[in-house]
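Text of coords.cif (mmCIF, C-alpha atoms) as supplied:
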data_coords
loop_
_atom_site.label_atom_id
_atom_site.label_comp_id
_atom_site.auth_asym_id
_atom_site.auth_seq_id
_atom_site.Cartn_x
_atom_site.Cartn_y
_atom_site.Cartn_z
CA MET A 11 51.55 80.60 39.54
CA TYR A 12 51.26 84.11 38.16
CA SER A 13 47.56 84.11 39.06
CA VAL A 14 48.17 83.22 42.70
CA ARG A 15 50.84 85.91 43.13
CA TRP A 16 48.65 88.60 41.60
CA GLN A 17 45.71 87.57 43.81
CA ILE A 18 47.88 87.92 46.92
CA PHE A 19 49.17 91.30 45.71
CA ALA A 20 45.63 92.55 45.02
CA ALA A 21 44.39 91.40 48.44
CA ALA A 22 47.27 93.18 50.21
CA LEU A 23 46.63 96.36 48.21
CA CYS A 24 42.94 96.32 49.16
CA CYS A 25 43.82 95.94 52.86
CA LEU A 26 46.22 98.89 52.73
CA TRP A 27 43.62 101.01 50.92
CA ALA A 28 40.86 100.25 53.46
CA MET A 29 43.00 100.64 56.59
CA PRO A 30 43.18 104.49 56.76
CA SER A 31 39.41 104.78 56.27
CA ALA A 32 38.73 102.30 59.05
CA VAL A 33 41.12 104.06 61.44
CA HIS A 34 39.59 107.48 60.65
CA ALA A 35 36.07 106.16 61.22
CA SER A 36 37.00 104.63 64.57
CA VAL A 37 38.83 107.73 65.84
CA ALA A 38 37.01 110.74 64.40
CA GLY A 39 33.63 109.31 63.56
CA GLY A 40 30.70 108.78 65.85
CA ALA A 41 26.96 109.11 66.19
CA GLY A 42 25.64 112.66 66.25
CA LEU A 43 28.86 114.36 65.13
CA ASP A 44 28.71 117.13 62.53
CA VAL A 45 31.08 116.68 59.61
CA MET A 46 33.73 119.33 59.03
CA ALA A 47 35.98 119.64 55.97
CA VAL A 48 39.57 120.39 57.01
CA ASP A 49 41.57 122.54 54.59
CA LEU A 50 45.16 123.14 55.64
CA HIS A 51 45.85 124.97 52.38
CA ASP A 52 43.47 127.80 53.37
CA ARG A 53 45.90 130.24 55.00
CA ALA A 54 43.20 132.83 55.63
CA SER A 55 41.19 130.29 57.63
CA LEU A 56 44.27 129.27 59.63
CA GLN A 57 45.07 132.91 60.38
CA ARG A 58 41.52 133.59 61.59
CA GLY A 59 41.59 130.41 63.67
CA ALA A 60 44.88 131.43 65.28
CA ALA A 61 43.44 134.84 66.19
CA LEU A 62 40.37 133.20 67.75
CA TYR A 63 42.53 130.81 69.74
CA MET A 64 44.78 133.53 71.13
CA ASN A 65 41.79 135.65 72.13
CA TYR A 66 39.46 133.01 73.57
CA CYS A 67 41.42 129.85 74.39
CA LEU A 68 45.02 130.66 75.32
CA GLY A 69 43.99 132.05 78.69
CA CYS A 70 43.47 128.44 79.86
CA HIS A 71 44.87 126.11 77.19
CA GLY A 72 48.46 126.31 75.97
CA LEU A 73 50.07 124.89 72.82
CA LYS A 74 53.38 123.84 74.30
CA TYR A 75 54.65 122.09 71.16
CA GLN A 76 54.12 125.10 68.87
CA ARG A 77 56.08 128.32 68.48
CA TYR A 78 54.83 131.72 67.37
CA GLN A 79 57.67 131.85 64.87
CA ARG A 80 56.44 128.65 63.19
CA LEU A 81 53.02 130.25 62.77
CA ALA A 82 54.60 133.22 61.01
CA GLU A 83 56.55 130.95 58.66
CA ASP A 84 53.67 128.61 57.77
CA PHE A 85 51.01 131.33 57.49
CA GLY A 86 53.15 133.71 55.44
CA VAL A 87 52.88 136.50 58.03
CA PRO A 88 55.74 138.81 59.11
CA GLU A 89 57.05 138.03 62.58
CA ASP A 90 56.51 141.59 63.81
CA LEU A 91 52.84 141.36 62.82
CA VAL A 92 52.49 138.06 64.70
CA ALA A 93 54.07 139.67 67.76
CA GLN A 94 51.69 142.62 67.50
CA GLN A 95 48.46 140.72 66.84
CA LEU A 96 48.86 137.33 68.57
CA ILE A 97 51.17 137.84 71.57
CA PHE A 98 49.50 139.50 74.55
CA ASP A 99 52.13 138.89 77.24
CA ASP A 100 55.92 139.11 77.46
CA SER A 101 56.50 136.04 75.28
CA ARG A 102 58.91 136.32 72.37
CA VAL A 103 58.23 135.33 68.77
CA GLY A 104 60.65 132.43 69.07
CA GLY A 105 59.01 131.16 72.27
CA LEU A 106 56.50 128.38 72.77
CA ILE A 107 52.78 129.20 72.90
CA GLU A 108 52.05 128.68 76.59
CA THR A 109 49.26 129.88 78.83
CA ALA A 110 49.99 132.28 81.66
CA MET A 111 47.60 130.42 83.98
CA LEU A 112 49.38 128.57 86.77
CA PRO A 113 48.38 124.85 86.98
CA VAL A 114 47.85 125.13 90.75
CA ARG A 115 45.43 128.04 90.38
CA ALA A 116 43.67 126.34 87.48
CA ALA A 117 43.10 123.23 89.58
CA GLU A 118 41.59 125.37 92.35
CA TRP A 119 39.24 127.19 89.97
CA PHE A 120 38.21 124.36 87.64
CA GLY A 121 38.82 121.25 89.74
CA ALA A 122 41.55 120.16 87.31
CA SER A 123 44.19 121.93 85.27
CA PRO A 124 42.95 122.63 81.71
CA PRO A 125 44.81 120.38 79.25
CA ASP A 126 47.29 121.50 76.65
CA LEU A 127 45.64 121.38 73.22
CA SER A 128 48.66 120.82 70.98
CA LEU A 129 47.52 117.31 70.05
CA ILE A 130 43.79 117.50 70.80
CA ALA A 131 42.83 117.31 67.11
CA ARG A 132 44.72 114.03 66.72
CA VAL A 133 43.13 112.60 69.86
CA ARG A 134 39.53 113.70 69.32
CA GLY A 135 39.32 114.39 65.58
CA ALA A 136 38.09 117.48 63.74
CA ASP A 137 34.43 116.40 63.64
CA TRP A 138 34.31 115.93 67.42
CA LEU A 139 35.92 119.32 68.10
CA TYR A 140 33.62 121.06 65.62
CA THR A 141 30.52 119.55 67.25
CA TYR A 142 31.82 120.11 70.78
CA LEU A 143 32.57 123.82 70.38
CA ARG A 144 29.10 124.41 68.91
CA GLY A 145 27.32 122.15 71.41
CA PHE A 146 27.25 124.16 74.66
CA TYR A 147 23.78 124.79 76.09
CA ALA A 148 22.28 126.24 79.27
CA ASP A 149 22.18 123.87 82.25
CA PRO A 150 21.53 125.54 85.64
CA SER A 151 22.68 122.43 87.54
CA ARG A 152 26.28 122.77 86.34
CA PRO A 153 28.86 124.99 88.11
CA TRP A 154 29.37 127.16 85.01
CA GLY A 155 25.71 127.09 84.02
CA VAL A 156 26.33 125.17 80.79
CA ASN A 157 26.56 121.59 79.58
CA ASN A 158 27.64 120.09 76.28
CA LYS A 159 25.99 117.89 73.68
CA VAL A 160 28.92 115.54 73.12
CA PHE A 161 30.71 115.89 76.49
CA ALA A 162 28.16 115.39 79.24
CA ASP A 163 28.75 117.34 82.47
CA VAL A 164 31.75 119.13 81.02
CA GLY A 165 33.77 121.15 83.53
CA MET A 166 34.63 123.92 81.09
CA PRO A 167 32.80 127.25 80.74
CA HIS A 168 31.47 128.30 77.35
CA ALA A 169 34.52 130.25 76.15
CA LEU A 170 32.81 131.40 72.93
CA LEU A 171 29.61 132.54 74.66
CA GLU A 172 29.87 136.16 73.52
CA LEU A 173 30.16 135.01 69.90
CA GLN A 174 27.49 132.29 69.83
CA GLY A 175 25.10 133.39 72.54
CA LEU A 176 23.48 131.02 75.02
CA GLN A 177 21.68 128.03 73.56
CA HIS A 178 18.78 126.32 75.28
CA CYS A 179 17.39 122.88 74.65
CA ALA A 180 14.34 123.00 72.42
CA PRO A 181 11.23 121.42 73.98
CA GLY A 182 11.12 117.66 73.46
CA SER A 183 14.62 117.52 72.01
CA SER A 184 16.04 114.85 74.30
CA LEU A 185 18.23 112.15 72.76
CA ALA A 186 17.75 109.89 75.78
CA PRO A 187 15.94 106.61 74.97
CA ASN A 188 13.17 107.25 77.49
CA GLY A 189 13.29 111.03 77.47
CA GLY A 190 15.05 111.11 80.84
CA VAL A 191 14.77 114.18 83.05
CA LYS A 192 17.74 115.83 84.72
CA ARG A 193 17.22 116.89 88.32
CA HIS A 194 18.96 119.47 90.45
CA PRO A 195 21.45 117.73 92.80
CA LEU A 196 20.18 119.65 95.89
CA THR A 197 16.47 120.28 95.34
CA ASP A 198 15.74 117.24 93.12
CA GLU A 199 13.77 119.60 90.91
CA ALA A 200 13.31 118.54 87.27
CA ILE A 201 15.38 120.92 85.12
CA LEU A 202 15.38 119.80 81.49
CA ASP A 203 15.42 116.81 79.19
CA VAL A 204 18.89 115.32 78.75
CA PRO A 205 20.99 114.94 76.76
CA CYS A 206 20.06 117.79 74.50
CA GLY A 207 19.48 117.21 70.80
CA ASP A 208 18.10 120.39 69.18
CA PHE A 209 18.75 123.94 70.34
CA ARG A 210 17.23 127.36 70.27
CA ILE A 211 19.20 130.55 70.96
CA ASP A 212 17.32 132.88 73.30
CA SER A 213 20.32 135.11 74.02
CA PRO A 214 22.07 135.78 70.69
CA GLY A 215 25.77 136.54 70.53
CA SER A 216 27.72 138.90 68.32
CA LEU A 217 27.72 136.44 65.40
CA SER A 218 24.89 134.86 63.46
CA VAL A 219 24.57 131.07 63.38
CA ASP A 220 26.33 130.78 60.02
CA GLU A 221 29.05 133.22 61.06
CA PHE A 222 29.68 131.32 64.28
CA ASP A 223 29.83 127.98 62.46
CA SER A 224 32.39 129.51 60.10
CA ALA A 225 34.43 130.86 63.04
CA VAL A 226 34.45 127.44 64.75
CA HIS A 227 35.50 125.89 61.45
CA ASP A 228 38.51 128.24 61.35
CA LEU A 229 39.37 127.49 64.97
CA VAL A 230 39.24 123.71 64.49
CA ASN A 231 41.16 124.04 61.23
CA PHE A 232 43.89 125.81 63.20
CA LEU A 233 43.92 123.08 65.87
CA VAL A 234 44.28 120.42 63.19
CA TYR A 235 47.26 122.34 61.80
CA VAL A 236 48.83 122.65 65.26
CA SER A 237 48.50 118.90 65.86
CA GLU A 238 50.88 118.32 62.91
CA PRO A 239 52.43 121.50 61.47
CA ALA A 240 54.49 119.47 59.00
CA ALA A 241 51.43 117.79 57.45
CA LEU A 242 51.55 119.78 54.20
CA GLN A 243 55.25 119.05 53.75
CA ARG A 244 54.54 115.39 54.43
CA TYR A 245 51.82 115.37 51.78
CA ARG A 246 54.18 116.87 49.21
CA LEU A 247 56.93 114.42 50.12
CA GLY A 248 54.42 111.57 49.82
CA ILE A 249 53.87 112.37 46.14
CA TYR A 250 57.59 111.95 45.40
CA VAL A 251 57.68 108.73 47.41
CA LEU A 252 54.75 107.29 45.45
CA LEU A 253 56.38 108.25 42.14
CA PHE A 254 59.59 106.56 43.26
CA LEU A 255 57.71 103.41 44.29
CA ALA A 256 55.86 103.38 40.96
CA ALA A 257 59.17 103.48 39.09
CA LEU A 258 60.56 100.79 41.38
CA LEU A 259 57.50 98.64 40.72
CA VAL A 260 58.12 98.77 36.98
CA LEU A 261 61.74 97.66 37.47
CA ALA A 262 60.62 94.90 39.84
CA LEU A 263 58.09 93.58 37.32
CA LEU A 264 60.70 93.56 34.56
CA LEU A 265 63.16 91.77 36.83
CA ASN A 266 60.49 89.27 37.86
CA ARG A 267 59.72 88.50 34.21
CA GLU A 268 63.43 88.00 33.52
CA TYR A 269 63.75 85.55 36.41
CA TRP A 270 60.72 83.47 35.43
CA LYS A 271 61.08 83.44 31.65
CA ASP A 272 63.04 80.16 31.62
CA VAL A 273 60.54 78.40 33.90
CA HIS A 274 57.80 78.54 31.25
#
Once more with this new file: its structure as C-alpha cells, please.
Amino acid sequence: MYSVRWQIFAAALCCLWAMPSAVHASVAGGAGLDVMAVDLHDRASLQRGAALYMNYCLGCHGLKYQRYQRLAEDFGVPEDLVAQQLIFDDSRVGGLIETAMLPVRAAEWFGASPPDLSLIARVRGADWLYTYLRGFYADPSRPWGVNNKVFADVGMPHALLELQGLQHCAPGSSLAPNGGVKRHPLTDEAILDVPCGDFRIDSPGSLSVDEFDSAVHDLVNFLVYVSEPAALQRYRLGIYVLLFLAALLVLALLLNREYWKDVH
C-alpha cells in the first residue's frame, strides 16, 4: 500500500516538474531563434534597456501598464533623474508610460496602430524578441525598405537602424526549401532569395555587431521586466512558500505514519 502511494506521488511530482519546461518550449521556443539569457537582477542592464526603449520605441509603442515611478523604485534611481533622462514630453513621474502618437494617425501612416508592448515579452518570449530585433534586412519590395527574418513582411520600420546599420541577405542564404525568389509586386522582377538566413552589413551603424547584440539584450531584458514588474518579489516569496510546504510535508508524513501504524 505504501509502495502504490509513493509511486503516485512520484508520478505527480514528475508531471509538475516537466510542465513549466514544456510550456516554455511551446511559447518561447522555435526553429531559428537565438537564445537569450534573461537576468532581471542586472539593474544596469535594465536601466540601459529603459533608455533605449524611451529613445527608439516609445514614439510608436507605449507601455500603458507601467509607470515611470515604478521604474525609479525597481531600478534604484531617483525620481528626478528618471524625469530628466527618460521623460521627453509633459508626462509626470507618477504617470503611465504612453506614446504621444495618436492611434488614428498611426493607422494612416502604418496601416494599423502600433501595439502596446507592456505584455509583448509574455506573448512572444525573450528569444523571439531578441531574434526579431536583430533580424531586419534590406528588402526593396517592402514599404519601409526592410523585412524581418522571423516576421515575414513586417509592417514596422527598422527602429534601430542607426545603431545596427542595414543588413543585406548574404548570397545563397535562403532558408526556403527550394531557394524561392521574391519578386517585385509591380515589375515582377526577381529581388532576392527569401526568407533570409545569413546576413552581411554593407552600411554599418554606430555600434559594432557585439555592441548591438548587447544593446538588444538590454532592451529585451527591460521588456521582460515590464511584462511582470513583480517577478523578483514573486521569486522571493516563492522561496518562503516552498519552505513552508516542506515543513508541512514533514508534519503530513508524521501524521500519516500515526494514522497507519495500527493497520500493520
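Between Arg132 of chain A and the residues A:Ala61, A:Val236, A:Leu96, A:Leu255, the shortest atom-to-atom distance, using all atoms listed in the file, involves A:Val236.
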Target residues per the PyMOL selection byres ((chain A and resi 68) around 10), formatted as an mmCIF file with C-alpha atoms, in the frame of the given file:
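Dumped to expr.cif:
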data_model
loop_
_atom_site.group_PDB
_atom_site.id
_atom_site.type_symbol
_atom_site.label_atom_id
_atom_site.label_comp_id
_atom_site.auth_asym_id
_atom_site.auth_seq_id
_atom_site.Cartn_x
_atom_site.Cartn_y
_atom_site.Cartn_z
ATOM 1 C CA LEU A 62 40.370 133.200 67.750
ATOM 2 C CA TYR A 63 42.530 130.810 69.740
ATOM 3 C CA MET A 64 44.780 133.530 71.130
ATOM 4 C CA ASN A 65 41.790 135.650 72.130
ATOM 5 C CA TYR A 66 39.460 133.010 73.570
ATOM 6 C CA CYS A 67 41.420 129.850 74.390
ATOM 7 C CA GLY A 69 43.990 132.050 78.690
ATOM 8 C CA CYS A 70 43.470 128.440 79.860
ATOM 9 C CA HIS A 71 44.870 126.110 77.190
ATOM 10 C CA GLY A 72 48.460 126.310 75.970
ATOM 11 C CA LEU A 73 50.070 124.890 72.820
ATOM 12 C CA PHE A 98 49.500 139.500 74.550
ATOM 13 C CA ILE A 107 52.780 129.200 72.900
ATOM 14 C CA GLU A 108 52.050 128.680 76.590
ATOM 15 C CA THR A 109 49.260 129.880 78.830
ATOM 16 C CA ALA A 110 49.990 132.280 81.660
ATOM 17 C CA MET A 111 47.600 130.420 83.980
ATOM 18 C CA ASP A 126 47.290 121.500 76.650
ATOM 19 C CA LEU A 127 45.640 121.380 73.220
#
Name the residues in contact with Gln174 of chain A at a cut-off of 8 Å, using only C-alpha atoms, excluding same-chain residues fewer than 3 positions from it; report them as a CSV table (one decimal) with C-alpha atoms, keeping the file's coordinate frame.
chain,number,residue,atom,x,y,z
A,170,LEU,CA,32.8,131.4,72.9
A,171,LEU,CA,29.6,132.5,74.7
A,214,PRO,CA,22.1,135.8,70.7
A,215,GLY,CA,25.8,136.5,70.5
A,216,SER,CA,27.7,138.9,68.3
A,217,LEU,CA,27.7,136.4,65.4
A,218,SER,CA,24.9,134.9,63.5
A,219,VAL,CA,24.6,131.1,63.4
A,222,PHE,CA,29.7,131.3,64.3
- Residue neighbourhood His227 of chain A, 10 Å, only C-alpha atoms, exclusion window fewer than 6 positions, as a list in words: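 Contacts, in chain order: Met46, Ala47, Val48, Asp49, Ser55, Leu56, Arg58, Gly59, Ala136, Asp137, Leu139, Tyr140, Thr141, Leu143, Arg144, Glu221 and Leu233 of chain A.
When atom CA of Val87 of chain A is paired with atom CA of Tyr245 of chain A, their separation reads 22.1 Å.
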Within 12 Å of Asp90 of chain A using only C-alpha atoms, minus same-chain residues under 2 positions, as an mmCIF file with C-alpha atoms, in the coordinates of the input:
data_model
loop_
_atom_site.group_PDB
_atom_site.id
_atom_site.type_symbol
_atom_site.label_atom_id
_atom_site.label_comp_id
_atom_site.auth_asym_id
_atom_site.auth_seq_id
_atom_site.Cartn_x
_atom_site.Cartn_y
_atom_site.Cartn_z
ATOM 1 C CA TYR A 78 54.830 131.720 67.370
ATOM 2 C CA GLN A 79 57.670 131.850 64.870
ATOM 3 C CA LEU A 81 53.020 130.250 62.770
ATOM 4 C CA ALA A 82 54.600 133.220 61.010
ATOM 5 C CA GLU A 83 56.550 130.950 58.660
ATOM 6 C CA GLY A 86 53.150 133.710 55.440
ATOM 7 C CA VAL A 87 52.880 136.500 58.030
ATOM 8 C CA PRO A 88 55.740 138.810 59.110
ATOM 9 C CA VAL A 92 52.490 138.060 64.700
ATOM 10 C CA ALA A 93 54.070 139.670 67.760
ATOM 11 C CA GLN A 94 51.690 142.620 67.500
ATOM 12 C CA GLN A 95 48.460 140.720 66.840
ATOM 13 C CA LEU A 96 48.860 137.330 68.570
ATOM 14 C CA ILE A 97 51.170 137.840 71.570
ATOM 15 C CA ARG A 102 58.910 136.320 72.370
ATOM 16 C CA VAL A 103 58.230 135.330 68.770
ATOM 17 C CA GLY A 104 60.650 132.430 69.070
#
- Choose the residue, out of A:Ala116, A:Leu173, A:Ser213, A:Asp84, that has the smallest atom-to-atom separation from Ala148 of chain A; count all atoms listed in the file. A:Ser213
